[in-house]
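Shown below: protein11.csv, with CSV, C-alpha atoms.
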chain,number,residue,atom,x,y,z
A,1046,MET,CA,21.6,-67.9,21.0
A,1047,GLU,CA,23.3,-65.1,19.0
A,1048,SER,CA,21.9,-66.3,15.8
A,1049,ASN,CA,18.4,-66.3,17.3
A,1050,ARG,CA,18.8,-62.7,18.4
A,1051,GLU,CA,19.9,-61.7,14.9
A,1052,LEU,CA,17.0,-63.5,13.4
A,1053,PHE,CA,14.6,-61.7,15.8
A,1054,VAL,CA,16.1,-58.3,14.9
A,1055,GLY,CA,15.9,-59.1,11.2
A,1056,LEU,CA,12.2,-60.0,11.6
A,1057,ALA,CA,11.6,-56.8,13.6
A,1058,ASN,CA,13.3,-54.7,11.0
A,1059,ARG,CA,11.3,-56.4,8.2
A,1060,GLN,CA,8.1,-55.8,10.1
A,1061,GLU,CA,9.0,-52.1,10.6
A,1062,MET,CA,9.7,-51.8,6.9
A,1063,ASP,CA,6.4,-53.5,6.0
A,1064,ASP,CA,4.6,-51.0,8.3
A,1065,ILE,CA,6.3,-48.1,6.6
A,1066,GLN,CA,5.4,-49.4,3.2
A,1067,ASP,CA,1.8,-49.8,4.2
A,1068,ARG,CA,1.7,-46.2,5.5
A,1069,VAL,CA,3.2,-45.0,2.2
A,1070,LEU,CA,0.6,-46.9,0.2
A,1071,ASP,CA,-2.1,-45.4,2.3
A,1072,LYS,CA,-0.8,-41.9,1.7
A,1073,VAL,CA,-0.7,-42.6,-2.1
A,1074,LYS,CA,-4.2,-43.9,-2.1
A,1075,GLN,CA,-5.4,-40.8,-0.2
A,1076,ALA,CA,-3.5,-38.5,-2.6
A,1077,GLN,CA,-5.1,-40.3,-5.6
A,1078,ILE,CA,-8.6,-39.7,-4.1
A,1079,LEU,CA,-7.8,-36.0,-3.6
A,1080,VAL,CA,-6.6,-35.6,-7.2
A,1081,PRO,CA,-9.7,-34.9,-9.3
A,1082,ASP,CA,-10.2,-36.1,-12.8
A,1083,ASP,CA,-10.8,-33.8,-15.8
A,1084,ASP,CA,-14.6,-34.0,-15.5
A,1085,LEU,CA,-14.5,-33.0,-11.9
A,1086,MET,CA,-12.1,-30.1,-12.6
A,1087,GLN,CA,-14.4,-28.9,-15.4
A,1088,LEU,CA,-17.4,-29.0,-13.0
A,1089,ALA,CA,-15.4,-27.1,-10.4
A,1090,ASP,CA,-14.4,-24.4,-13.0
A,1091,GLN,CA,-18.0,-23.9,-13.9
A,1092,ILE,CA,-19.1,-23.5,-10.3
A,1093,VAL,CA,-16.2,-21.1,-9.6
A,1094,GLU,CA,-17.2,-19.0,-12.6
A,1095,VAL,CA,-20.8,-18.9,-11.4
A,1096,ILE,CA,-19.7,-17.8,-7.9
A,1097,GLU,CA,-17.4,-15.1,-9.3
A,1098,GLN,CA,-20.1,-13.8,-11.6
A,1099,GLY,CA,-22.5,-13.6,-8.6
A,1100,LYS,CA,-19.9,-11.6,-6.7
A,1101,ARG,CA,-19.5,-9.2,-9.6
A,1102,GLN,CA,-23.3,-8.8,-10.0
A,1103,LEU,CA,-23.7,-8.2,-6.3
A,1104,ALA,CA,-21.0,-5.5,-6.3
A,1105,ILE,CA,-22.8,-3.8,-9.3
A,1106,SER,CA,-26.1,-4.1,-7.5
A,1107,ILE,CA,-24.7,-2.5,-4.3
A,1108,ASN,CA,-23.1,0.2,-6.3
A,1109,GLN,CA,-26.3,1.0,-8.2
A,1110,THR,CA,-28.3,1.0,-5.0
A,1111,ILE,CA,-25.9,3.4,-3.2
A,1112,LYS,CA,-26.1,5.9,-6.1
A,1113,SER,CA,-29.8,5.6,-6.4
A,1114,THR,CA,-30.3,6.0,-2.6
A,1115,TYR,CA,-28.0,9.0,-2.3
A,1116,TRP,CA,-29.5,10.7,-5.4
A,1117,ASN,CA,-33.0,10.4,-3.9
A,1118,VAL,CA,-31.8,11.7,-0.5
A,1119,GLY,CA,-30.5,14.7,-2.4
A,1120,ARG,CA,-33.8,15.1,-4.2
A,1121,HIS,CA,-35.7,15.1,-0.9
A,1122,ILE,CA,-33.4,17.7,0.6
A,1123,VAL,CA,-33.6,20.0,-2.5
A,1124,GLU,CA,-37.4,19.7,-2.7
A,1125,PHE,CA,-37.7,20.5,1.0
A,1126,GLU,CA,-35.4,23.6,0.5
A,1127,GLN,CA,-37.6,24.8,-2.3
A,1128,GLN,CA,-40.5,25.2,0.1
A,1129,GLY,CA,-40.9,28.9,0.8
A,1130,ASN,CA,-40.7,28.6,4.6
A,1131,ALA,CA,-38.0,26.0,4.9
A,1132,ARG,CA,-35.1,28.3,4.2
A,1133,ALA,CA,-36.5,31.0,6.4
A,1134,LYS,CA,-37.0,28.5,9.3
A,1135,TYR,CA,-33.7,26.6,9.1
A,1136,GLY,CA,-31.4,28.7,7.1
A,1137,THR,CA,-27.9,27.3,6.8
A,1138,SER,CA,-28.4,24.9,9.7
A,1139,LEU,CA,-30.7,22.6,7.8
A,1140,LEU,CA,-28.1,20.0,6.9
A,1141,SER,CA,-26.5,20.1,10.4
A,1142,ARG,CA,-29.8,19.5,12.2
A,1143,LEU,CA,-30.8,16.9,9.7
A,1144,ALA,CA,-27.5,15.0,10.1
A,1145,GLN,CA,-28.1,14.8,13.9
A,1146,ILE,CA,-31.5,13.3,13.4
A,1147,LEU,CA,-30.3,10.8,10.8
A,1148,ARG,CA,-27.3,9.8,12.8
A,1149,ALA,CA,-29.6,8.9,15.7
A,1150,ARG,CA,-32.0,7.0,13.6
A,1151,VAL,CA,-29.9,5.2,10.9
A,1152,GLY,CA,-26.3,5.4,12.1
A,1153,ARG,CA,-23.2,6.7,10.5
A,1154,GLY,CA,-22.8,7.8,6.9
A,1155,TYR,CA,-25.2,10.7,6.8
A,1156,SER,CA,-23.0,13.5,8.2
A,1157,ARG,CA,-23.4,17.1,7.1
A,1158,PRO,CA,-20.6,16.9,4.4
A,1159,ASN,CA,-22.1,13.6,3.0
A,1160,LEU,CA,-25.6,15.1,2.9
A,1161,ASN,CA,-24.2,18.1,1.1
A,1162,ASN,CA,-22.6,15.8,-1.5
A,1163,MET,CA,-25.9,14.0,-2.0
A,1164,ARG,CA,-27.6,17.4,-2.5
A,1165,LYS,CA,-25.0,18.4,-5.1
A,1166,PHE,CA,-25.3,15.0,-6.8
A,1167,TYR,CA,-29.0,15.6,-7.4
A,1168,LEU,CA,-28.5,19.2,-8.5
A,1169,LEU,CA,-25.5,18.5,-10.9
A,1170,PHE,CA,-27.1,15.6,-12.7
A,1171,PRO,CA,-30.5,17.1,-13.6
A,1172,ILE,CA,-30.9,14.7,-16.5
A,1173,CYS,CA,-32.1,12.2,-14.0
A,1174,GLN,CA,-34.9,14.6,-13.0
A,1175,THR,CA,-36.5,14.6,-16.4
A,1176,SER,CA,-38.1,11.2,-16.2
A,1177,ASP,CA,-40.1,9.1,-13.8
A,1178,LYS,CA,-37.4,6.4,-14.4
A,1179,SER,CA,-34.8,8.4,-12.4
A,1180,GLU,CA,-33.5,5.4,-10.5
A,1181,LEU,CA,-32.9,3.5,-13.8
A,1182,ALA,CA,-31.1,6.5,-15.2
A,1183,ILE,CA,-28.8,6.6,-12.2
A,1184,CYS,CA,-28.1,2.9,-12.4
A,1185,GLN,CA,-27.3,3.1,-16.1
A,1186,MET,CA,-24.9,6.0,-15.5
A,1187,SER,CA,-22.1,3.4,-15.5
A,1188,ASP,CA,-21.2,0.5,-13.3
A,1189,ARG,CA,-17.6,1.9,-13.4
A,1190,LEU,CA,-18.7,5.0,-11.5
A,1191,THR,CA,-18.8,4.6,-7.7
A,1192,TRP,CA,-20.0,7.0,-5.1
A,1193,SER,CA,-16.3,8.0,-4.5
A,1194,HIS,CA,-16.0,8.9,-8.3
A,1195,ILE,CA,-19.2,11.0,-8.0
A,1196,CYS,CA,-17.8,12.8,-4.9
A,1197,GLU,CA,-14.8,13.8,-7.0
A,1198,LEU,CA,-16.9,14.9,-10.0
A,1199,ILE,CA,-19.2,17.1,-8.1
A,1200,THR,CA,-16.3,19.2,-6.9
A,1201,ILE,CA,-15.9,20.5,-10.5
A,1202,ASP,CA,-18.0,23.6,-11.0
A,1203,ASP,CA,-17.7,23.9,-14.8
A,1204,SER,CA,-20.2,21.7,-16.6
A,1205,LEU,CA,-18.0,21.1,-19.7
A,1206,GLU,CA,-15.0,20.1,-17.6
A,1207,ARG,CA,-17.1,17.9,-15.4
A,1208,GLU,CA,-18.7,16.1,-18.4
A,1209,PHE,CA,-15.2,15.5,-19.9
A,1210,TYR,CA,-14.0,13.7,-16.7
A,1211,LEU,CA,-17.2,11.8,-16.4
A,1212,ASN,CA,-16.8,10.5,-20.0
A,1213,GLU,CA,-13.2,9.6,-19.5
A,1214,CYS,CA,-13.9,7.8,-16.3
A,1215,ILE,CA,-16.4,5.6,-18.0
A,1216,ALA,CA,-14.3,5.1,-21.2
A,1217,GLU,CA,-11.0,4.5,-19.5
A,1218,GLY,CA,-12.1,2.9,-16.3
A,1219,TRP,CA,-10.2,5.4,-14.1
A,1220,THR,CA,-9.8,4.6,-10.5
A,1221,VAL,CA,-10.7,7.3,-8.0
A,1222,ASP,CA,-7.0,8.1,-7.5
A,1223,ALA,CA,-6.5,8.4,-11.3
A,1224,LEU,CA,-9.5,10.7,-11.6
A,1225,HIS,CA,-8.2,12.9,-8.8
A,1226,ARG,CA,-4.8,13.1,-10.3
A,1227,GLN,CA,-6.0,14.0,-13.8
A,1228,LYS,CA,-8.4,16.6,-12.4
A,1229,GLU,CA,-5.6,18.1,-10.3
A,1230,SER,CA,-3.2,18.2,-13.3
A,1231,GLY,CA,-5.8,20.1,-15.3
A,1232,LEU,CA,-6.0,17.5,-18.0
A,1233,PHE,CA,-9.1,18.8,-19.7
A,1234,MET,CA,-7.8,22.4,-19.8
A,1235,ARG,CA,-4.4,21.3,-21.1
A,1236,LEU,CA,-6.0,19.4,-23.9
A,1237,ALA,CA,-8.5,22.2,-24.6
A,1238,LEU,CA,-5.8,24.8,-25.1
A,1239,SER,CA,-4.9,23.2,-28.5
A,1240,LYS,CA,-8.5,23.4,-29.8
A,1241,ASP,CA,-10.9,26.0,-31.0
A,1242,LYS,CA,-14.3,26.6,-29.4
A,1243,GLU,CA,-16.1,23.8,-31.3
A,1244,GLY,CA,-13.2,21.5,-30.4
A,1245,VAL,CA,-13.4,22.2,-26.7
A,1246,ILE,CA,-17.1,21.5,-26.7
A,1247,GLU,CA,-16.6,18.3,-28.6
A,1248,LEU,CA,-13.8,17.3,-26.2
A,1249,ALA,CA,-16.2,17.7,-23.2
A,1250,HIS,CA,-19.1,15.8,-24.8
A,1251,LYS,CA,-17.2,12.9,-26.3
A,1252,GLY,CA,-14.0,12.8,-24.3
A,1253,GLN,CA,-10.5,12.5,-25.9
A,1254,GLN,CA,-10.8,11.1,-29.4
A,1255,ILE,CA,-7.7,9.4,-30.9
A,1256,GLN,CA,-7.4,9.6,-34.7
A,1257,THR,CA,-4.1,11.1,-35.5
A,1258,ALA,CA,-0.7,11.6,-33.9
A,1259,GLU,CA,-1.6,15.1,-32.8
A,1260,ASP,CA,-4.4,13.6,-30.7
A,1261,VAL,CA,-2.0,11.7,-28.5
A,1262,VAL,CA,0.8,14.2,-28.0
A,1263,LYS,CA,0.6,17.0,-25.4
A,1264,ASP,CA,2.4,20.3,-25.7
A,1265,THR,CA,3.3,20.0,-22.0
A,1266,TYR,CA,3.5,16.9,-19.8
A,1267,THR,CA,3.0,17.2,-16.1
A,1268,LEU,CA,5.4,14.9,-14.2
A,1269,GLU,CA,4.8,16.0,-10.6
A,1270,PHE,CA,4.5,12.4,-9.6
A,1271,LEU,CA,8.3,11.9,-10.0
A,1272,GLY,CA,8.9,13.9,-6.8
A,1273,ILE,CA,11.9,15.8,-8.3
A,1274,ASP,CA,12.5,19.3,-7.0
A,1275,ASP,CA,12.5,21.7,-9.9
A,1276,LYS,CA,15.3,23.7,-8.4
A,1277,LYS,CA,17.5,20.7,-7.8
A,1278,ARG,CA,20.1,19.5,-10.2
A,1279,TYR,CA,19.4,16.1,-11.6
A,1280,LYS,CA,20.7,13.9,-14.4
A,1281,GLU,CA,18.8,12.6,-17.4
A,1282,SER,CA,19.5,9.1,-16.3
A,1283,GLU,CA,17.8,9.9,-13.0
A,1284,LEU,CA,14.8,11.4,-14.7
A,1285,GLU,CA,14.5,8.3,-16.9
A,1286,GLN,CA,14.8,6.0,-14.0
A,1287,LYS,CA,12.1,7.8,-12.1
A,1288,LEU,CA,9.8,7.5,-15.1
A,1289,ILE,CA,10.4,3.8,-15.2
A,1290,ASP,CA,9.8,3.5,-11.4
A,1291,ASN,CA,6.5,5.4,-11.9
A,1292,MET,CA,5.5,3.8,-15.2
A,1293,GLN,CA,1.8,3.4,-14.3
A,1294,LYS,CA,1.5,7.1,-13.5
A,1295,PHE,CA,3.5,8.0,-16.6
A,1296,LEU,CA,1.2,6.0,-18.8
A,1297,LEU,CA,-1.8,7.8,-17.2
A,1298,GLU,CA,-0.2,11.1,-18.1
A,1299,LEU,CA,0.6,10.0,-21.6
A,1300,GLY,CA,-3.0,9.1,-22.2
A,1301,LYS,CA,-5.1,6.3,-23.6
A,1302,GLY,CA,-3.6,3.6,-25.9
A,1303,PHE,CA,0.0,3.6,-24.8
A,1304,ALA,CA,1.8,0.3,-24.0
A,1305,PHE,CA,5.4,0.2,-22.7
A,1306,VAL,CA,7.9,-1.6,-24.9
A,1307,GLY,CA,11.3,-0.9,-23.4
A,1308,ARG,CA,14.0,1.6,-22.2
A,1309,GLN,CA,17.3,2.4,-23.8
A,1310,TYR,CA,16.1,0.6,-26.9
A,1311,ALA,CA,19.3,-0.3,-28.9
A,1312,LEU,CA,19.7,0.2,-32.6
A,1313,THR,CA,22.8,0.0,-34.8
A,1314,ILE,CA,23.5,1.9,-37.9
A,1315,ASN,CA,26.8,1.4,-39.8
A,1316,ASN,CA,28.3,-0.2,-36.7
A,1317,VAL,CA,27.4,2.8,-34.6
A,1318,HIS,CA,25.2,2.1,-31.6
A,1319,TYR,CA,22.3,4.4,-30.5
A,1320,HIS,CA,19.7,4.1,-27.8
A,1321,VAL,CA,16.1,5.5,-27.7
A,1322,ASP,CA,15.3,6.4,-24.1
A,1323,LEU,CA,11.8,5.1,-24.0
A,1324,VAL,CA,9.8,3.1,-26.6
A,1325,PHE,CA,6.0,2.6,-26.5
A,1326,TYR,CA,3.5,1.1,-28.9
A,1327,HIS,CA,0.1,2.8,-29.4
A,1328,ARG,CA,-2.6,0.3,-29.8
A,1329,ILE,CA,-5.1,2.7,-31.3
A,1330,LEU,CA,-2.8,4.3,-33.8
A,1331,LYS,CA,-1.0,1.0,-34.4
A,1332,CYS,CA,2.5,2.6,-34.3
A,1333,PHE,CA,5.6,2.9,-32.2
A,1334,VAL,CA,6.0,6.0,-30.1
A,1335,LEU,CA,9.6,7.0,-29.4
A,1336,ILE,CA,10.5,9.3,-26.5
A,1337,ASP,CA,13.8,11.0,-25.8
A,1338,VAL,CA,14.0,12.9,-22.5
A,1339,LYS,CA,16.2,15.9,-22.1
A,1340,ARG,CA,17.0,17.5,-18.8
A,1341,GLY,CA,17.5,21.0,-20.2
A,1342,ALA,CA,16.6,22.8,-23.4
A,1343,VAL,CA,16.1,20.9,-26.6
A,1344,LYS,CA,18.8,21.4,-29.2
A,1345,HIS,CA,18.5,21.1,-33.0
A,1346,LYS,CA,20.7,17.9,-33.0
A,1347,ASP,CA,18.2,16.2,-30.6
A,1348,ILE,CA,15.5,16.8,-33.2
A,1349,GLY,CA,17.7,15.5,-36.0
A,1350,GLN,CA,18.5,12.4,-34.0
A,1351,MET,CA,14.9,11.7,-33.2
A,1352,ASN,CA,14.1,12.0,-37.0
A,1353,MET,CA,16.8,9.3,-37.6
A,1354,TYR,CA,15.3,7.0,-34.9
A,1355,MET,CA,11.9,7.3,-36.6
A,1356,GLY,CA,13.4,6.5,-40.0
A,1357,TYR,CA,15.1,3.4,-38.5
A,1358,PHE,CA,11.9,2.1,-36.9
A,1359,ALA,CA,9.9,2.7,-40.1
A,1360,LYS,CA,12.4,0.7,-42.1
A,1361,GLU,CA,13.6,-1.9,-39.6
A,1362,GLU,CA,11.1,-2.4,-36.8
A,1363,ASN,CA,7.7,-1.9,-38.4
A,1364,VAL,CA,5.9,-5.0,-39.5
A,1365,GLU,CA,2.8,-5.3,-41.8
A,1366,GLY,CA,0.0,-3.3,-40.4
A,1367,ASP,CA,2.1,-0.9,-38.4
A,1368,ASN,CA,1.8,2.8,-39.2
A,1369,PRO,CA,4.7,5.2,-39.3
A,1370,PRO,CA,6.3,5.9,-35.9
A,1371,VAL,CA,5.7,9.0,-33.8
A,1372,GLY,CA,8.7,10.7,-32.2
A,1373,ILE,CA,8.6,13.0,-29.1
A,1374,VAL,CA,11.5,14.9,-27.8
A,1375,MET,CA,10.5,15.8,-24.2
A,1376,SER,CA,12.6,18.6,-22.8
A,1377,HIS,CA,12.3,20.9,-19.7
A,1378,TYR,CA,12.7,24.0,-21.9
A,1379,LYS,CA,11.6,24.7,-25.4
A,1380,ASP,CA,12.6,27.5,-27.8
A,1381,GLU,CA,9.6,27.7,-30.1
A,1382,LEU,CA,11.4,29.6,-32.9
A,1383,MET,CA,14.3,27.2,-32.9
A,1384,VAL,CA,12.0,24.2,-32.9
A,1385,GLU,CA,10.0,25.7,-35.8
A,1386,TYR,CA,13.2,26.1,-37.9
A,1387,ALA,CA,14.7,22.7,-36.8
A,1388,THR,CA,11.6,20.7,-37.8
A,1389,TYR,CA,11.0,22.5,-41.1
A,1390,GLY,CA,10.3,20.0,-43.8
A,1391,MET,CA,10.6,17.0,-41.3
A,1392,ASP,CA,8.2,14.3,-40.6
A,1393,SER,CA,4.9,15.7,-39.3
A,1394,ASN,CA,4.9,12.9,-36.7
A,1395,LEU,CA,7.9,14.4,-34.9
A,1396,PHE,CA,7.0,16.6,-31.9
A,1397,VAL,CA,8.9,18.6,-29.3
A,1398,SER,CA,7.1,18.9,-26.0
A,1399,LYS,CA,7.9,20.4,-22.6
A,1400,TYR,CA,7.6,18.7,-19.3
A,1401,GLU,CA,6.9,20.3,-15.9
A,1402,LEU,CA,7.9,18.9,-12.5
A,1403,PHE,CA,4.9,20.5,-10.7
A,1404,LEU,CA,1.2,20.7,-11.1
A,1405,PRO,CA,0.0,23.6,-13.3
A,1406,ASN,CA,-1.9,26.6,-12.1
A,1407,LYS,CA,-5.4,25.4,-12.9
A,1408,GLU,CA,-7.0,28.9,-12.6
A,1409,GLU,CA,-4.6,30.3,-15.2
A,1410,LEU,CA,-5.4,27.4,-17.5
A,1411,ARG,CA,-9.1,27.9,-16.9
A,1412,LYS,CA,-8.9,31.5,-17.9
A,1413,LEU,CA,-7.2,30.6,-21.1
A,1414,VAL,CA,-9.9,28.0,-21.9
A,1415,MET,CA,-12.7,30.5,-21.1
A,1416,ASN,CA,-11.1,32.9,-23.6
A,1417,ILE,CA,-11.4,30.2,-26.3
A,1418,LEU,CA,-15.0,29.6,-25.4
A,1419,LYS,CA,-16.0,33.3,-25.7
Could you render the structure as C-alpha cells?
Amino acid sequence: MESNRELFVGLANRQEMDDIQDRVLDKVKQAQILVPDDDLMQLADQIVEVIEQGKRQLAISINQTIKSTYWNVGRHIVEFEQQGNARAKYGTSLLSRLAQILRARVGRGYSRPNLNNMRKFYLLFPICQTSDKSELAICQMSDRLTWSHICELITIDDSLEREFYLNECIAEGWTVDALHRQKESGLFMRLALSKDKEGVIELAHKGQQIQTAEDVVKDTYTLEFLGIDDKKRYKESELEQKLIDNMQKFLLELGKGFAFVGRQYALTINNVHYHVDLVFYHRILKCFVLIDVKRGAVKHKDIGQMNMYMGYFAKEENVEGDNPPVGIVMSHYKDELMVEYATYGMDSNLFVSKYELFLPNKEELRKLVMNILK
C-alpha cells in the first residue's frame, strides 16, 4: 500500500514537472516570436526615422505659421494706425479695445501685450515689407527662431545690437534662456568695446567671427550665474567648483567653440607636480585653452606660471594639427601696468582677464559703444 502511494506521488510530481516544462517552452516560443530579425529591425528603424522627421517638419511648419500670422497681425494694426482718423478716434486705447474683441472671437493669446509685440515685430523687421513674398521672408528668417526668441529680440531698441543677437541666435542655436542671459550680460557691448567703429558694425552684421586667439578672449568675464556674493570671502577652490557645477553657463559665457577637457589638469616637470585649473579645447582655433582662476589680484608669478603651462602643452600635449595653446589668467582684479610689464616679450596667446560676479551696467556700456560709433 505504501509503495503504491509513493508511486502515485512520484507520478504526480513527474506530471507537475512536465506541466512546468511545457509552460517554460511556451514562454520561450512566445519570446522567440517577439524578438524580431534583422530585416524587421531595419524596417522598424526606417519607419521610426520617417515618423521623427515628420514630427520635426510639423514643428517647423507650426513655428513658421506662428511667425507669419503674428507678423501679419502686426501689419494690419500698423496699417490701421496709419489711417488719419484712427489715432484720433481710439488713441492709446486701440490695442486694449482690440484685445477685448479678439478674446471674445478667437480666445486667448491676443492680449494687449501680445498685440503690442506683434506690432513691434512688424515695425522692427521692415525687410519683410519690401516684397510681396513677406510670408516667405518670415518663414526663411530661421527655423531656430521661435516667437519667444522674437519677443526677446524686439525688446532691444538699438538696431545694431538687435542684429547681433539675431545673428548669434541663428548661428549658435541659442535657447530663449541663453539669449536672455547674453542680452542681460551686455555681450554685444562687451565685445564691441575692443573694436573700432568699422569693427562694431561688422560685429553686428556678421556676429562674432573667430579667426585668432584675440577673438575668443574677453577682457572681462561676467560670472553672475555662480551666485557668489561679491562682498563675501570665498576660496579659489570654491570658485572653481562653482564653475564646474555651472559648466553649461560658463561655456556660454566663454563663447563659441569651447569644449571642456578637465579640471586640475596634472603635469609634471622635473618631478615637480603642477595643476592647471581648467583646460578646454577650442574646436575652431584647434588649440588647447588653459585657464587659471585667481580670487584676488593677478600677480606676476601667476603670469609666468601660465607661460610655463603653455610651453608644456605646446611640447607635450599637442598632436599633429594642433595650434599653439592659449592661456588665460582670470582674476578678480587686474593691474594693467603690472600686466603690461609682466607679459612683455611673452607669448601673444597669453591673456590676463578680469571676472565680475554681477551683471554689468548696460547703460554705461552702451554709452561707451556709442562713443566708438560717433
(request) Determine, counting only C-alpha atoms, which protein, DNA and RNA residues have an atom within 10 Å of an atom of Leu1297 of chain A; residues of the same chain fewer than 2 positions away are not included. Present the result as a ChimeraX atom specification. (result) /A:1219,1223-1224,1226-1227,1292-1295,1299-1303
In Å and to one decimal, atom CA of Met1086 of chain A is distant from atom CA of Leu1103 of chain A by 25.6 Å
Pairwise distance, atom CA of Ser1376 of chain A with atom CA of Tyr1400 of chain A, equals 6.1 Å
Looking at only C-alpha atoms, which of A:Met1351, A:Ile1336, A:Val1321, A:Leu1085 is the one that sits closest to Thr1388 of chain A?
->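 So, comparing all the options, the nearest one is A:Met1351.
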A straight line from atom CA of Asp1290 of chain A to atom CA of Phe1270 of chain A spans 10.5 Å
Exercise: Ser1187 of chain A partners within 12 Å, all atoms listed in the file, chain neighbours under 6 positions left out, as a PyMOL selection string | chain A and resi 1105-1106+1108-1109+1112+1181+1194-1195+1211-1218
| request: Would you mind telling me which residue in A:Glu1401, A:Asp1083, A:Glu1208, A:Glu1094 lies nearest to Lys1276 of chain A when using all atoms listed in the file? | output: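 Closest candidate: A:Glu1401.
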| message | Can you tell me which residues surround Leu1404 of chain A at a distance of at most 10 Å, considering only C-alpha atoms, apart from same-chain residues fewer than 5 positions away, and format the answer as a ChimeraX atom specification? | response | /A:1226,1229-1231,1266-1270
Using all atoms listed in the file, the shortest atom-to-atom distance to Val1364 of chain A among A:Arg1101, A:Ser1282, A:Thr1137, A:Cys1332 belongs to A:Cys1332
request  = Please write as a PyMOL selection string the list of polymer residues whose atoms come within 8 Å of (-14.2, 31.1, -29.1), counting all atoms listed in the file and keeping to the coordinates of the file.
outcome  = chain A and resi 1241-1243+1416-1419
Selection file, C-alpha atoms, as a short mmCIF file (atom, residue, chain, number, x, y, z; two decimals), in the frame of the given file:
data_model
loop_
_atom_site.label_atom_id
_atom_site.label_comp_id
_atom_site.auth_asym_id
_atom_site.auth_seq_id
_atom_site.Cartn_x
_atom_site.Cartn_y
_atom_site.Cartn_z
CA ASP A 1241 -10.90 26.00 -31.00
CA LYS A 1242 -14.30 26.60 -29.40
CA GLU A 1243 -16.10 23.80 -31.30
CA ASN A 1416 -11.10 32.90 -23.60
CA ILE A 1417 -11.40 30.20 -26.30
CA LEU A 1418 -15.00 29.60 -25.40
CA LYS A 1419 -16.00 33.30 -25.70
#
Model the absent atoms of segment 1378-1392 of chain A so that N, CA and C atoms are present, and write the result as a JSON list (two decimals), in the frame of the given file.
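Ended up saving to out.json:
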[["chain", "number", "residue", "atom", "x", "y", "z"],
["A", 1378, "TYR", "N", 12.83, 22.70, -21.29],
["A", 1378, "TYR", "CA", 12.70, 24.00, -21.90],
["A", 1378, "TYR", "C", 12.58, 23.90, -23.40],
["A", 1379, "LYS", "N", 11.84, 24.82, -23.99],
["A", 1379, "LYS", "CA", 11.60, 24.70, -25.40],
["A", 1379, "LYS", "C", 11.60, 26.07, -26.07],
["A", 1380, "ASP", "N", 12.51, 26.25, -26.99],
["A", 1380, "ASP", "CA", 12.60, 27.50, -27.80],
["A", 1380, "ASP", "C", 11.72, 27.29, -29.01],
["A", 1381, "GLU", "N", 10.57, 27.92, -29.01],
["A", 1381, "GLU", "CA", 9.60, 27.70, -30.10],
["A", 1381, "GLU", "C", 10.12, 28.03, -31.45],
["A", 1382, "LEU", "N", 10.86, 29.14, -31.56],
["A", 1382, "LEU", "CA", 11.40, 29.60, -32.90],
["A", 1382, "LEU", "C", 12.41, 28.58, -33.39],
["A", 1383, "MET", "N", 13.32, 28.15, -32.51],
["A", 1383, "MET", "CA", 14.30, 27.20, -32.90],
["A", 1383, "MET", "C", 13.69, 25.87, -33.35],
["A", 1384, "VAL", "N", 12.69, 25.43, -32.60],
["A", 1384, "VAL", "CA", 12.00, 24.20, -32.90],
["A", 1384, "VAL", "C", 11.30, 24.32, -34.29],
["A", 1385, "GLU", "N", 10.70, 25.47, -34.54],
["A", 1385, "GLU", "CA", 10.00, 25.70, -35.80],
["A", 1385, "GLU", "C", 11.02, 25.54, -36.98],
["A", 1386, "TYR", "N", 12.17, 26.14, -36.84],
["A", 1386, "TYR", "CA", 13.20, 26.10, -37.90],
["A", 1386, "TYR", "C", 13.77, 24.65, -38.00],
["A", 1387, "ALA", "N", 14.03, 24.04, -36.84],
["A", 1387, "ALA", "CA", 14.70, 22.70, -36.80],
["A", 1387, "ALA", "C", 13.81, 21.62, -37.39],
["A", 1388, "THR", "N", 12.51, 21.78, -37.27],
["A", 1388, "THR", "CA", 11.60, 20.70, -37.80],
["A", 1388, "THR", "C", 11.06, 21.05, -39.16],
["A", 1389, "TYR", "N", 11.53, 22.14, -39.76],
["A", 1389, "TYR", "CA", 11.00, 22.50, -41.10],
["A", 1389, "TYR", "C", 11.29, 21.40, -42.10],
["A", 1390, "GLY", "N", 10.23, 20.98, -42.76],
["A", 1390, "GLY", "CA", 10.30, 20.00, -43.80],
["A", 1390, "GLY", "C", 10.49, 18.55, -43.25],
["A", 1391, "MET", "N", 10.47, 18.38, -41.92],
["A", 1391, "MET", "CA", 10.60, 17.00, -41.30],
["A", 1391, "MET", "C", 9.30, 16.34, -41.23],
["A", 1392, "ASP", "N", 9.37, 15.11, -40.78],
["A", 1392, "ASP", "CA", 8.20, 14.30, -40.60],
["A", 1392, "ASP", "C", 7.19, 14.96, -39.68]]
